[in-house]
Every structure is written in C-alpha cells, then in structure tokens.
Number of protein chains: 2
Amino acid sequence: MGEYIEKINSALLDLQNGKFILVYDNESREGETDIIMASEFVAPASIRTMRMDGGGLIFLMISNEIANKLKLPYLADLFSDINNRYPVLKELIPNDIPYDTKSSFSLYINHRNTFTGITDIDRSLTMKKFAELTKKIDGIDDGLATKMFGKEFRSPGHVPICIASEKLLDSRKGHTELVISMLKMAKLTPAGSGCEIMGDDGKALSKDKAKKYADDNGLIFLEGNKIVEAWKKWLK
Amino acid sequence: MGEYIEKINSALLDLQNGKFILVYDNESREGETDIIMASEFVAPASIRTMRMDGGGLIFLMISNEIANKLKLPYLADLFSDINNRYPVLKELIPNDIPYDTKSSFSLYINHRNTFTGITDIDRSLTMKKFAELTKKIDGIDDGLATKMFGKEFRSPGHVPICIASEKLLDSRKGHTELVISMLKMAKLTPAGSGCEIMGDDGKALSKDKAKKYADDNGLIFLEGNKIVEAWKKWLK
C-alpha cells in the first residue's frame, strides 16, 4: 500500500494542478475507466480531450452536500413522484441496472450564458461556473442558494449532473463517489468533470489499454479499491 | 431549386441505405451541422463515427406521433408540472433559450439489455431497438404501446430523446424537425440518430468546414431551408 499512497498523493497533486487523472472503478461494477478532473479548472480544451479521448458521456459529479444545498433531486426519485401523472414513467422504472441499485443521475443543466449548450466552450462554461457557484453558496441558506443557482443555470440542458451517495464510499463505489472522495482529499471544490473512455471495439476501453493511455499521456491511473483504502485511512 | 431537389432525393436514398447525411439548420438558429442517419440502421460503428467526427450530444429524434403513442413528455413540461414539489425547477426554468422558444428534450433512455448504457454497443442497441419498437406499435393502442416500451427500456438512461414539434416544420425548424421530415419523405421509420459536429476551436464546426467534411467523406450536406422547401412541395 505504501507505493500506492504515493500514487494517490501524486494524483491529488495533479487534481490540484488542473490535470486529468484516470479512475477505474472495479471488475465487479462497470469495469470502466473515466478520464476526470476538478471542474474548477475545466476549459474548452478539457471538454475536447474528454470527447476525443473519452467518447462517453461528459458529466458533472457533485457531492451529496451540494445537491442538498441546491435541492437537486435524483431524477429517479423525481420520476417516481410524478409517475401518476406520467404513467410511462411507471413502465420505465430503472429497477434492473446490472451493476448498481440506483441511478445517480440528477438534472441536465446549461449555464444561461451558453448558446446551444453543447460546444466545448458552452459545456466548459457550464461546468466551471457550477464549480464557482458551489464555492459561493458555502454557508449561505438553502433558499438563497437555489435562487443563485437558477439565476445562472437552466434545465433541461446538456450537462448531466451525477450526485454522490450520502454515505459516499460506504454505500456506493461508483466513479462519482470515487471522484468526490479524491476531490475532498485534495481539498478542492467537490465538483468533478469526467467522461468514460471507449475502445475501438464498441466496448469500454480495456483496463490494460487505459493504463497504456495513462502512460502515453503522463497521467495517473487509479483503481477504485485503492481509492477506497486511501479514503478510509484519510478519514481516521 | 431543380438541382437541389436532386440533392434531396440523393439524400433520401442515402438514408434508405443506412448512410449518414449532414444537416445544417440555418444562420438564424443554432448554425450547427448535425451528422444524422435513420435509427433503424444504427450499428456500434455509427455511434463511434458520431462521437469521433461529431463530438456533440448523440441523440435520438422522434416524430410527435410516436411520442404521443408512447406518452413521452417534454421534460420541460414534466418539470413544470412537479415544480411545487421540487422548487429548484422553478428557478431553473428554461425561459431564455437564445435560438428557440422551447427545449425539445424528452426522457433519456437505455435499453434494458444494455450494461452501462454508454458504450457504442449499448447506445447502438438502445437506438436500433427503439426504431424497431416504433414499427411494432403502429396500430396498437396507447396503453399497450407504453407497456411494450417499458418492457424493453428504462429511464433515466444515456440516450436523450428529442421530440419533433406537433406541426413539424410549420412551427419549428430545428434539426429534430428537419430530420423527421426527411425520414418521412424517405418513407422510413420516423426515428433518427444524430450528433452535432464540433470544431477544433471550441465552437461548432463552421458551415464551410462541414461542407468539406461532407465532400471528403462522400456524404450529402443539406441546408435546413432547402429541406423546408422540399417538404412543402412533398406535402402538396
């Protein structure tokens, strides 16, 4: 583990310097590697790298505390609460996700100063401004925080938000929880930006190839279970 | 216009043959070119092309009739109906979209046989199976159609659905309406798959560069206002 702690520390430093790191969850979950960074440093070129080298869904990960502050719901809960009025939602209930019990998707947002919302400039603005907002609302009451949120953002939009589970790595070990834990250990704003890395064969990029991509690009590759260990140690 | 009708006809033939076509809306809307194809022919390699050469949001476009049959709502309407319970939705109201009056986003879905939902294989399965479903539900009553939908798909998911407006090109001239009109003229299932093409400068790819991409790849490039003209002619 000693060697791994060094690696985790280097990754925390990379995050603090606005660099990408690669996070693999584990064999018994998605088995996917995401390319991720702290949202406060996202620039249009970061979005470009995520879509060119990642190719999956470019998404925003936030801590449960921020979601609570902004009253951001899980989409699955919201759908469940309105499925009498929209019965199609009863039929579409996501009760069979193969690798987890619950979807972590919340709303999709655009910053109000975006144009279409989808360009690298637009998605970057949405993410960076969201990270800035999370700093501003610290210590502010929930009602005002929600108003500040709405003044700057609209939904539906093009940037999906995933909310980390309440007990973080104690209850779920998905990319969202792994990344939020890393950001907390790095003492950064707990908003991360990421994208799953796809392979050329229709599947997610294999772990070995993801490691090679990391080596070729001077990025650190971390395994989920090692982040969990480091997190437990850090909590003590 | 004569020359353009020939071009439209070639594009309809390409769609029938499962090829991509490029659709530019117009200068006064998004000013974006989407790479699109009929969803019934989508394969994993199509998703790969869309993410590598497009880079925007890979989405599914459907006719208003299919949305009605499946009782698929506009997300903005659904949010509006539940914003007393989730007040954050009141703050996030999308009342300032710069290029249009209303978002055409509906739900995000995954086919239930997908794994993570985001790989090329998974997104391709979701899109192709959706096109197959739209054929199956033709002439079937709405309640049963919704059940058939839910048996195969779940939401939240990774493939966003955009619904063409009720009056199609008479009321909105977005990519969704342009593509659904083309599919109807081609007598194909009115479900299209597409992705906005991004440039290297953080913006959408310019019209000239999109035309060059079309030429380089043997694809047909169509302008929205010409599709509108062809559609009016076809309706007569």
# chains A, B, ... in the order shown; residues from 1 in each chain; ligands from 1

$ residues_around --residues "Glu65 in chain B" --least-positions-apart "3" --cutoff "10 Å" --atoms "only C-alpha atoms" --output "list in words"
Ile62, Asn68, Lys69, Leu70, Lys71, Ile163, Ala164, Ser165, Glu166 and Pro190 of chain B

$ select_by_dssp --residues "range 41-211 of chain A" --states "alpha helix (DSSP H)" --output "PyMOL selection string"
chain A and resi 44-49+64-70+75-81+88-91+120-136+142-152+175-185+207-211

$ closest_residue --among "B:Glu30, B:Lys19, B:Phe130, B:Asn113" --to "Ala191 in chain B" --atoms "only C-alpha atoms"
B:Phe130

$ residues_around --residues "Thr146 in chain A" --least-positions-apart "6" --cutoff "12 Å" --atoms "only C-alpha atoms" --output "ChimeraX atom specification"
/A:66-72,133-134,136-137,140,152-154 /B:86-92

$ closest_atom_pairs --of "chain A" --to "chain B" --cutoff "6 Å" --atoms "only C-alpha atoms" --output "CSV"
residue,atom,partner,partner_atom,distance
A:Pro44,CA,B:Gly202,CA,5.7
A:Arg51,CA,B:Gly55,CA,6.0
A:Gly55,CA,B:Arg51,CA,6.0
A:Gly56,CA,B:Ile118,CA,6.0
A:Glu91,CA,B:Gly150,CA,4.3
A:Leu92,CA,B:Arg154,CA,4.2
A:Ile93,CA,B:Arg154,CA,5.8
A:Pro94,CA,B:Arg154,CA,5.1
A:Ile118,CA,B:Gly56,CA,6.0
A:Thr119,CA,B:Lys203,CA,5.3
A:Asp120,CA,B:Gly202,CA,4.6
A:Ile121,CA,B:Gly202,CA,5.0
A:Gly150,CA,B:Glu91,CA,4.3
A:Arg154,CA,B:Leu92,CA,4.2
A:Ser155,CA,B:Leu92,CA,5.4
A:Gly202,CA,B:Asp120,CA,4.6
A:Lys203,CA,B:Thr119,CA,5.3
A:Ala204,CA,B:Thr119,CA,5.9

$ write_last_selection --atoms "N, CA and C atoms" --output "short mmCIF file (atom, residue, chain, number, x, y, z; two decimals), in the first residue's frame"
data_model
loop_
_atom_site.label_atom_id
_atom_site.label_comp_id
_atom_site.auth_asym_id
_atom_site.auth_seq_id
_atom_site.Cartn_x
_atom_site.Cartn_y
_atom_site.Cartn_z
N PRO A 44 -12.36 24.84 -22.38
CA PRO A 44 -12.85 24.20 -23.60
C PRO A 44 -11.95 23.05 -24.07
N ARG A 51 -14.05 14.41 -25.02
CA ARG A 51 -14.86 13.80 -26.09
C ARG A 51 -14.01 13.05 -27.11
N GLY A 55 -15.03 9.83 -25.09
CA GLY A 55 -16.04 9.42 -26.05
C GLY A 55 -17.36 8.99 -25.43
N GLY A 56 -17.40 8.87 -24.10
CA GLY A 56 -18.65 8.50 -23.43
C GLY A 56 -19.49 9.74 -23.15
N GLU A 91 -43.69 2.51 -16.24
CA GLU A 91 -43.23 1.41 -17.09
C GLU A 91 -41.71 1.41 -17.22
N LEU A 92 -41.14 2.60 -17.19
CA LEU A 92 -39.69 2.75 -17.45
C LEU A 92 -38.83 2.67 -16.18
N ILE A 93 -39.44 2.25 -15.07
CA ILE A 93 -38.70 2.23 -13.79
C ILE A 93 -37.37 1.48 -13.93
N PRO A 94 -36.28 2.14 -13.51
CA PRO A 94 -34.95 1.52 -13.69
C PRO A 94 -34.61 0.56 -12.55
N ILE A 118 -23.92 22.84 -26.17
CA ILE A 118 -23.19 21.60 -26.45
C ILE A 118 -21.74 21.80 -26.91
N THR A 119 -21.38 23.00 -27.34
CA THR A 119 -20.00 23.19 -27.81
C THR A 119 -19.02 23.04 -26.65
N ASP A 120 -17.74 22.89 -26.98
CA ASP A 120 -16.72 22.77 -25.94
C ASP A 120 -16.73 24.01 -25.05
N ILE A 121 -16.88 25.18 -25.68
CA ILE A 121 -16.93 26.43 -24.92
C ILE A 121 -18.13 26.43 -23.97
N GLY A 150 -30.49 29.14 -9.91
CA GLY A 150 -31.42 29.39 -11.02
C GLY A 150 -31.12 30.66 -11.78
N ARG A 154 -30.04 26.88 -16.32
CA ARG A 154 -31.37 26.41 -16.69
C ARG A 154 -31.35 24.89 -16.88
N SER A 155 -32.52 24.29 -16.82
CA SER A 155 -32.67 22.86 -17.07
C SER A 155 -34.02 22.65 -17.75
N GLY A 202 -16.33 -1.13 -29.72
CA GLY A 202 -17.73 -1.00 -29.33
C GLY A 202 -17.93 -1.06 -27.83
N LYS A 203 -16.89 -1.51 -27.12
CA LYS A 203 -16.98 -1.63 -25.66
C LYS A 203 -16.19 -0.51 -24.99
N ALA A 204 -16.23 -0.50 -23.64
CA ALA A 204 -15.37 0.43 -22.90
C ALA A 204 -13.92 0.01 -23.14
#

$ select_by_dssp --residues "range 103-149 of chain A" --states "strand (DSSP E)" --output "PyMOL selection string"
chain A and resi 105-111

$ write_last_selection --atoms "C-alpha atoms" --output "PDB file, in the first residue's frame"
ATOM      1  CA  PHE A 105     -28.398  10.951 -12.407  1.00  0.00           C
ATOM      2  CA  SER A 106     -29.853  14.286 -11.380  1.00  0.00           C
ATOM      3  CA  LEU A 107     -30.848  17.102 -13.760  1.00  0.00           C
ATOM      4  CA  TYR A 108     -29.137  18.142 -17.008  1.00  0.00           C
ATOM      5  CA  ILE A 109     -28.160  21.807 -16.935  1.00  0.00           C
ATOM      6  CA  ASN A 110     -26.826  24.615 -19.143  1.00  0.00           C
ATOM      7  CA  HIS A 111     -25.329  27.861 -17.940  1.00  0.00           C
TER       8      HIS A 111
END

$ residues_around --residues "Asp25 in chain A" --least-positions-apart "2" --cutoff "10 Å" --atoms "only C-alpha atoms" --output "PyMOL selection string"
chain A and resi 22-23+27-34+173-178+222-227

$ atom_distance --atom1 "CA of Thr189 in chain B" --atom2 "CA of Gly139 in chain B"
13.9 Å

$ atom_distance --atom1 "CA of Met37 in chain B" --atom2 "CA of Asp216 in chain B"
17.7 Å

$ atom_distance --atom1 "CA of Lys167 in chain B" --atom2 "CA of Ile180 in chain B"
11.6 Å

$ closest_residue --among "B:Thr49, B:Ser39, B:Phe221, B:Glu132" --to "Ala11 in chain B" --atoms "only C-alpha atoms"
B:Phe221

$ decode --residues "range 38-118 of chain A" --atoms "C-alpha atoms" --output "tab-separated table (two decimals), in the first residue's frame"
chain	number	residue	atom	x	y	z
A	38	ALA	CA	-11.68	19.05	-10.94
A	39	SER	CA	-14.48	21.11	-12.53
A	40	GLU	CA	-13.00	24.38	-11.27
A	41	PHE	CA	-10.17	24.01	-13.82
A	42	VAL	CA	-12.23	22.89	-16.82
A	43	ALA	CA	-11.53	24.77	-20.06
A	44	PRO	CA	-12.85	24.20	-23.60
A	45	ALA	CA	-9.72	22.14	-24.38
A	46	SER	CA	-10.60	19.82	-21.46
A	47	ILE	CA	-14.01	19.11	-22.97
A	48	ARG	CA	-12.33	18.44	-26.30
A	49	THR	CA	-9.95	15.92	-24.71
A	50	MET	CA	-12.83	14.21	-22.92
A	51	ARG	CA	-14.86	13.80	-26.09
A	52	MET	CA	-11.91	12.86	-28.34
A	53	ASP	CA	-10.05	10.53	-25.95
A	54	GLY	CA	-13.03	9.52	-23.79
A	55	GLY	CA	-16.04	9.42	-26.05
A	56	GLY	CA	-18.65	8.50	-23.43
A	57	LEU	CA	-20.97	10.87	-21.61
A	58	ILE	CA	-19.30	14.08	-20.41
A	59	PHE	CA	-20.76	14.59	-16.96
A	60	LEU	CA	-20.54	16.60	-13.78
A	61	MET	CA	-20.15	14.83	-10.43
A	62	ILE	CA	-21.09	16.62	-7.22
A	63	SER	CA	-21.12	15.86	-3.52
A	64	ASN	CA	-24.32	14.97	-1.74
A	65	GLU	CA	-23.93	18.12	0.40
A	66	ILE	CA	-24.01	20.41	-2.64
A	67	ALA	CA	-27.03	18.57	-4.05
A	68	ASN	CA	-28.80	19.06	-0.71
A	69	LYS	CA	-27.92	22.71	-0.57
A	70	LEU	CA	-29.26	23.30	-4.10
A	71	LYS	CA	-32.22	20.95	-3.56
A	72	LEU	CA	-31.11	18.97	-6.59
A	73	PRO	CA	-33.09	15.71	-6.79
A	74	TYR	CA	-32.16	12.32	-8.14
A	75	LEU	CA	-34.03	12.05	-11.43
A	76	ALA	CA	-35.26	8.55	-10.49
A	77	ASP	CA	-36.93	9.99	-7.33
A	78	LEU	CA	-38.45	12.88	-9.24
A	79	PHE	CA	-39.83	10.47	-11.87
A	80	SER	CA	-41.22	8.24	-9.15
A	81	ASP	CA	-43.01	11.22	-7.56
A	82	ILE	CA	-44.77	12.20	-10.77
A	83	ASN	CA	-45.50	8.82	-12.31
A	84	ASN	CA	-49.21	9.02	-11.61
A	85	ARG	CA	-49.43	11.96	-13.93
A	86	TYR	CA	-46.97	10.47	-16.43
A	87	PRO	CA	-47.72	6.72	-16.35
A	88	VAL	CA	-44.97	5.99	-18.89
A	89	LEU	CA	-42.52	6.59	-16.02
A	90	LYS	CA	-44.02	3.64	-14.14
A	91	GLU	CA	-43.23	1.41	-17.09
A	92	LEU	CA	-39.69	2.75	-17.45
A	93	ILE	CA	-38.70	2.23	-13.79
A	94	PRO	CA	-34.95	1.52	-13.69
A	95	ASN	CA	-35.21	-1.48	-11.38
A	96	ASP	CA	-32.76	-3.63	-13.31
A	97	ILE	CA	-29.47	-1.73	-13.50
A	98	PRO	CA	-26.94	-4.56	-13.82
A	99	TYR	CA	-24.08	-3.03	-11.81
A	100	ASP	CA	-25.83	-0.99	-9.13
A	101	THR	CA	-29.09	-0.45	-7.27
A	102	LYS	CA	-29.76	3.15	-8.15
A	103	SER	CA	-29.03	5.63	-10.91
A	104	SER	CA	-27.08	8.65	-9.67
A	105	PHE	CA	-28.40	10.95	-12.41
A	106	SER	CA	-29.85	14.29	-11.38
A	107	LEU	CA	-30.85	17.10	-13.76
A	108	TYR	CA	-29.14	18.14	-17.01
A	109	ILE	CA	-28.16	21.81	-16.93
A	110	ASN	CA	-26.83	24.61	-19.14
A	111	HIS	CA	-25.33	27.86	-17.94
A	112	ARG	CA	-27.66	30.65	-19.08
A	113	ASN	CA	-24.82	32.33	-20.98
A	114	THR	CA	-24.36	29.32	-23.23
A	115	PHE	CA	-25.71	29.34	-26.76
A	116	THR	CA	-26.63	25.80	-27.87
A	117	GLY	CA	-25.12	24.37	-24.70
A	118	ILE	CA	-23.19	21.60	-26.45
